[in-house]
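Some notes on the structure that comes next.
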Amino acid sequence: MQRVVLLLAAALLMTAQSASAQTLKTVKERGTLICGVSQGLPGFSNPDDKGNWTGLDVDLCRAIAAAIFNDPSKVKFTGLSAKDRFTALQSGEIDVLSRNSTWTLSRDSSLGLNFAGVNYYDGQGFMVRKALKVNSALELNGASVCTQTGTTTELNLADYFRAHKMKYEVTAFATADETVKAYDSGRCDVFTTDVSQLYSEKLKLANQNDHVILPEIISKEPLGPVVRHGDDQWFDIVKWTLFAMLNAEELGISKSTLDEAMKSEKPDVRRFVGTEGNYGEQLGLTKDWAARIVRHVGNYGESFERNVGTGSRLGIARGLNNLWNNGGIQYAPPIR
Amino acid sequence: MQPASIQRPISAPRASLMRDPRLRGLFYQVVLLAIVVGVGVEFALNAKANLEAQRIATGFGFLDNTAGFGVNQALIPYQESDSYGRVFLVGLLNTLLVAVLGIVFATVLGFAVGIARLSSNWLLAKLAGAYVEVIRNQPLLFQILFWYLAVLGAMPPPRQSVGIGLQPILLWLADGAGALRYLGLPNTIGDGLRFAADWIGPPMIYLNNRGMVLPEPALHAGASVVGIALIAAIVATIALRIWARRRQTATGRPFPMLAVGIALIVGLPMLAAFVAGSPFAFERPVLRGFNFSSGIRLIPELVALLIALSTYTAAFIAEIVRAGIEAVAKGQTEAAQALGLSRAQALRFVVIPQAMRVIIPPLTSQYLNLTKNSSLAVGIGYPDLFAVFAGTTLNQTGQAIEILGITMAVYLVLSLATSAAMNAYNARIALKER
Ligand SMILES: N[C@@H](CCC(=O)N[C@@H](CS)C(=O)NCC(=O)O)C(=O)O
């Protein structure tokens with residue numbers, strides 16, 4: 001609510017041109033990047049007990065800060081519910097939104113936003129109690145479903161049950177915690193959201209082993225970072241930060257191999273680390289922007305493994321999120 | 001009528017014009033209005049330019065677009081393919097439902113507790129006092145969450161629903177009686193109870209963690225006879241009341257209107273129902289699949305919100321009622337008794353009418369509070385106007401300015417309407433000074 005009021009105030013009071021084309025300058029003057037994340041979603045954006053944020057979405061913001069300031073700690077994280085996130089971005093409260101948000105046409109257009117790419121290809125799924133002995137989403141006729149309001153989840157859920165002529169009862173909560181609590185207390189038979197978030201929220205349940213994730217994936221959920229309309233330079237910086245992480249993995253440049261890469265003779269590696277060309281400067285950054293990202297945060301694969309991959313608590317396989325030349329669909333345009 | 005100053009000889013016209021307090025007042029009003037309107041227009045144009053610069057959608061066209069999401073309680077037919085405009089209506093009706101039911105429950109409970117606090121029964125007065133102090137001093141959101149998570153959330157799942165009725169009690173007693181077996185006695189009492197339980201059948205009302213299930217009334221042939229009987233009874237009661245009033249003013253003889261009225265309105269339809277062969281039936285809720293498939297189901301969000309809002313507001317109303325009654329001078333009661341009125345008559349004809357004048361204005365603001373507080377529903381997922389329209393719809397369409405404008409206008413209209421109704425009532429009972 002406060003955010004909506006802020007947005008109103010911003011829309012009413014700001015003069016039109018101040019809304020655009022200033023983000024990089026503002027961030028540099030402020031000395032920190034303000035990044036909108038979730039209110040706590042292990043693997044994607046989650047604060048520890050000291051308030052340090054980690055996760056795949058967090059890494060993207062740290063990478064932007066690394067590219068601008070050569071310091072991944074110059075980020076202030078703002079936890080946002082699904083319902084508040086876009087308003088916070090529109091009102092200028094945050095510089096970039098990196099919070100498991102699905103790229104859709106209406107968000108990209110009438111909400112006044114731009115999606116800068118996809119850092120996680122996901123799809124919506126269902127979680128139920130094992131005791132219900134349900135093996136397929138098609139057996140959910142008449143079920144009571146808990147979900148979070150202001151999400152694509154609500155819409156897909158309605159579509160799926162309508163398409164299969166099944167009845168359901170949806171209770172939509174404002175925050176993830178309320179949703180998980182209601183499901184855990186038995187208010188609902190089913191908890192639905194993007195599958196990666198099901199894995200993540202499952203960690204918060206009282207008895208994790210009493211629940212299963214059903215096999216059906218009912219939607220496409222390309223999740224990625226978002227910026228406001230009207231600042232193309234900033235849009236490019238966020239977009240190419242993500243591409244840099246993907247290209248690094250493709251070129252085999254990681255935290256441990258970066259020093260070698262700095263001395264490499266390979267043209268594409270030289271362009272990447274900035275020993276050849278002025279690509280960073282074209283973005284409004286420094287020549288070594290991409291090298292900074294890898295030094296401080298690592299490449300996409302490293303970030304994935306650390307946060308959500310098989311080595312992490314979530315244990316999610318790369319699947320679709322593998323590079324295009326490795327069986328997945330992650331594909332970044334070349335730096336040149 | 002011309003102000004006197006204007007007709008004075010005009011020696012220094014400017015100064016004299018501004019010196020006229022009424023003209024000066026008018027001048028400042030006009031200037032202020034111009035500034036307010038100017039700033040308002042500037043804001044609106046600026047907002048439009050800002051939104052256009054960011055290419056954020058504007059206008060009210062979104063109300064016709066397909067909503068695409070489900071809502072778990074709709075008083076009018078609603079499906080996902082309906083428009084955002086329909087969602088607005090669904091949310092508005094859900095808000096009105098909580099507000100109206102909450103006001104009724106809070107008023108009944110509040111008056112009962114307020115009067116109980118003044119009771120000469122020590123225990124009753126103390127209990128009422130404790131109620132007020134405990135409830136009034138806990139944050140409302142906390143109470144809503146308490147009822148939702150700690151009470152309704154702790155209910156068993158649908159398949160083990162708690163039945164509220166005679167049968168469970170009888171069965172429980174029968175189990176107790178079964179202990180007689182250990183004394184070597186035949187279990188005739190237990191068998192008898194079990195037989196009675198069987199005869200009564202399963203309960204009509206169930207509670208589970210999906211809410212409350214009530215039996216659904218079903219109409220059979222002959223139901224219209226009962227309806228006609230009810231209408232006839234109401235008409236007869238009104239006629240009787242007019243006649244009783246006339247007689248009382250003419251002869252001074254009172255008529256037991258309340259008792260006769262109730263007997264008519266309850267008795268006549270019952271008689272008709274009996275004659276027509278019980279055209280009503282309550283369909284017992286039946287458990288099927290994930291939940292009860294028949295019966296009226298109240299979602300737990302509604303139940304929790306209603307309980308919390310009405311008990312909370314009742315605590316404040318109780319204090320208002322107590323204050324109102326205590327504000328009536330003791331001499332009034334004594335004078336009434338001296339005139340031969342009974343205690344109840346003194347309360348009804350002398351004390352309460354005077355107390356109402358003190359009670360109504362603060363009671364109005366409690367009603368307004370309850371209506372606005374109902375927007376806390378968003379914390380437990382009750383689909384009120386605030387949750388489905390200013391929440392979900394705003395988020396899906398991004399049209400914050402339009403949606404907040406509509407929502408604010410609705411709460412304003414609700415508040416003004418409540419105030420207007422209460423003011424009208426207040427004017428009717430106010431002291432008429434002659
Ligand atoms: N990808 C979907 C859903 C995103 C979403 O908000 N999911 C919830 C699922 S529980 C979440 O992550 N909540 C975390 C939070 O609110 O902090 C969207 O963009 O609408």
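Residues are named by chain letter and number: chains run A, B, ... in the order of the structure tokens, numbers start at 1 in each chain, and ligands are numbered from 1 in the order shown.
For Thr66 in chain B, the list of residues within 7 Å, based on only C-alpha atoms and with local chain neighbours fewer than 6 positions off taken out, reads Ser81, Asp82, Ser83 and Tyr84 of chain B.
For Arg107 in chain A, the set of protein, DNA and RNA residues having any atom at most 10 Å away, when counting only C-alpha atoms and skipping those fewer than 3 positions along the same chain, is Phe86, Ser101, Thr102, Trp103, Thr104, Ser110, Leu111, Gly112, Leu113, Asn114, Phe115 and Val226 of chain A; Ile56, Asn395, Gln396, Thr397 and Gly398 of chain B.
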| said: I'd like the interatomic distance between CA of Tyr168 in chain A and CA of Glu154 in chain A, to a tenth of an Å. | reply: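 Computing the Euclidean distance for CA of Tyr168 in chain A and CA of Glu154 in chain A yields 12.0 Å.
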- Query: chain A residues within 7 Å of chain B, counting only C-alpha atoms: which ones, as an NGL selection string?
  - Reply: :A and (4 or 8 or 11-13 or 15-16 or 83 or 110-112 or 142-143 or 149-150 or 154-155 or 158 or 169-174 or 185-187 or 229-230)
Judged by only C-alpha atoms, the minimum distance to Ser219 in chain A among A:Asn156, A:Pro333, A:Ile34, A:Lys74 is found for A:Asn156
Computed gap from CA of Leu96 in chain B to CA of Leu309 in chain B is 13.2 Å
Give me, as a PyMOL selection string, the residues of range 289-356 of chain B that a backbone DSSP run labels alpha helix (DSSP H). chain B and resi 300-327+330-338+343-345+352-356
> Hey, can you check how far CA of Val36 in chain B sits from CA of Met18 in chain B?
Replying inline: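 It comes out at 22.2 Å.
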Can you tell me, as a CSV table (one decimal) with all heavy atoms, in the first residue's frame, what residues are no more than 6 Å from Gly274 in chain A when counting only C-alpha atoms, ignoring any on the same chain fewer than 2 positions away?
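Output file out-v2.csv is given in full below:
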chain,number,residue,atom,x,y,z
A,270,ARG,N,39.4,-12.2,-25.4
A,270,ARG,CA,40.0,-10.8,-25.2
A,270,ARG,C,38.9,-9.7,-25.2
A,270,ARG,O,39.0,-8.8,-24.4
A,270,ARG,CB,41.1,-10.6,-26.3
A,270,ARG,CG,42.4,-11.3,-26.1
A,270,ARG,CD,43.3,-11.1,-27.4
A,270,ARG,NE,43.7,-9.8,-27.6
A,270,ARG,CZ,44.7,-9.2,-26.9
A,270,ARG,NH1,45.3,-9.8,-26.0
A,270,ARG,NH2,45.0,-7.9,-27.2
A,271,ARG,N,38.0,-9.9,-26.1
A,271,ARG,CA,36.9,-8.9,-26.1
A,271,ARG,C,36.1,-9.0,-24.8
A,271,ARG,O,35.7,-8.0,-24.3
A,271,ARG,CB,35.9,-9.2,-27.3
A,271,ARG,CG,36.4,-8.7,-28.6
A,271,ARG,CD,35.3,-8.7,-29.7
A,271,ARG,NE,34.7,-9.9,-29.9
A,271,ARG,CZ,35.1,-10.9,-30.8
A,271,ARG,NH1,36.2,-10.6,-31.5
A,271,ARG,NH2,34.5,-12.0,-30.9
A,272,PHE,N,35.9,-10.2,-24.3
A,272,PHE,CA,35.2,-10.4,-23.1
A,272,PHE,C,35.9,-9.7,-21.9
A,272,PHE,O,35.2,-8.9,-21.2
A,272,PHE,CB,35.0,-11.9,-22.8
A,272,PHE,CG,34.1,-12.1,-21.6
A,272,PHE,CD1,32.7,-12.2,-21.7
A,272,PHE,CD2,34.6,-12.2,-20.3
A,272,PHE,CE1,31.9,-12.4,-20.6
A,272,PHE,CE2,33.8,-12.3,-19.2
A,272,PHE,CZ,32.5,-12.5,-19.3
A,276,GLU,N,40.8,-6.2,-25.4
A,276,GLU,CA,40.6,-5.8,-26.8
A,276,GLU,C,39.3,-5.1,-26.9
A,276,GLU,O,38.3,-5.6,-26.4
A,276,GLU,CB,40.7,-7.0,-27.7
A,276,GLU,CG,40.8,-6.7,-29.2
A,276,GLU,CD,41.0,-8.0,-30.0
A,276,GLU,OE1,41.9,-8.8,-29.7
A,276,GLU,OE2,40.2,-8.2,-31.0
A,287,LYS,N,36.1,-0.7,-19.5
A,287,LYS,CA,36.5,-1.8,-20.4
A,287,LYS,C,36.5,-3.2,-19.7
A,287,LYS,O,36.1,-4.2,-20.3
A,287,LYS,CB,38.0,-1.6,-20.9
A,287,LYS,CG,38.0,-0.7,-22.1
A,287,LYS,CD,39.5,-0.7,-22.6
A,287,LYS,CE,39.6,0.3,-23.7
A,287,LYS,NZ,41.0,0.7,-24.0
A,288,ASP,N,36.8,-3.2,-18.4
A,288,ASP,CA,36.9,-4.6,-17.8
A,288,ASP,C,35.6,-5.0,-17.1
A,288,ASP,O,35.6,-5.8,-16.2
A,288,ASP,CB,38.1,-4.6,-16.7
A,288,ASP,CG,37.8,-3.6,-15.6
A,288,ASP,OD1,37.0,-2.7,-15.8
A,288,ASP,OD2,38.4,-3.7,-14.6
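Contact shell of Leu205 in chain A at 7 Å (only C-alpha atoms; same-chain neighbours under 3 positions omitted): A:Asp184, A:Lys202, A:Gln208.
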Just the selected residues (N, CA, C and O atoms), exported as a short mmCIF file (atom, residue, chain, number, x, y, z; two decimals), in the first residue's frame, please.
data_model
loop_
_atom_site.label_atom_id
_atom_site.label_comp_id
_atom_site.auth_asym_id
_atom_site.auth_seq_id
_atom_site.Cartn_x
_atom_site.Cartn_y
_atom_site.Cartn_z
N ASP A 184 0.46 -25.34 4.96
CA ASP A 184 0.99 -26.23 6.00
C ASP A 184 -0.06 -26.54 7.06
O ASP A 184 -0.10 -27.63 7.61
N LYS A 202 9.33 -25.59 -0.08
CA LYS A 202 9.22 -26.89 0.59
C LYS A 202 10.15 -26.94 1.80
O LYS A 202 9.84 -27.56 2.81
N GLN A 208 8.97 -31.85 5.59
CA GLN A 208 9.19 -31.80 4.14
C GLN A 208 8.86 -33.09 3.43
O GLN A 208 8.40 -33.09 2.30
#
Quiz item: Which residues come within 12 Å of Asn322 in chain A, counting only C-alpha atoms, excluding same-chain residues fewer than 3 positions away, as a ChimeraX atom specification?
Solution: /A:119-121,246,249-250,300-302,304-305,309,316-319,325-332
Inset, instruction - Per DSSP on the backbone, filter range 43-231 of chain B down to the residues in strand (DSSP E or B) and report them as a PyMOL selection string. - result: chain B and resi 66+83+162-164+205-208+211-214+216-219
Quiz prompt | Selection near Thr241 in chain A, 8 Å with only C-alpha atoms, sequence-local residues under 5 positions removed, as a count of residues only | solution = 6
Which residues are close to Ile189 in chain B, i.e. within 7 Å by only C-alpha atoms, leaving aside same-chain residues fewer than 3 positions away? Reply as a ChimeraX atom specification. /B:177,192-193
Export, as a PDB file, in the first residue's frame, the selected residues with C-alpha atoms.
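Below is the file that was written, again.pdb:
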ATOM      1  CA  ALA B 177     -22.034 -45.191  29.599  1.00  0.00           C
ATOM      2  CA  GLY B 192     -30.551 -46.393  24.405  1.00  0.00           C
ATOM      3  CA  LEU B 193     -28.348 -43.386  23.777  1.00  0.00           C
TER       4      LEU B 193
END
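Minimum atom-to-atom distance to Pro334 in chain A, evaluated using only C-alpha atoms, belongs to A:Met245 out of A:Met245, A:Ala291, A:Val128, A:Val308.
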Nearest to Ile320 in chain B, restricted to only C-alpha atoms and choosing among B:Leu363, B:Val410, B:Ala239, B:Ile103, comes out as B:Leu363
* Asked: Between A:Asp236, A:Glu139, A:Asp177, A:Asp49, which has the minimum distance to ligand 1 (counting only C-alpha atoms and all ligand atoms)?
  ->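 Answer, going by the shortest atom-to-atom distance: A:Asp177.
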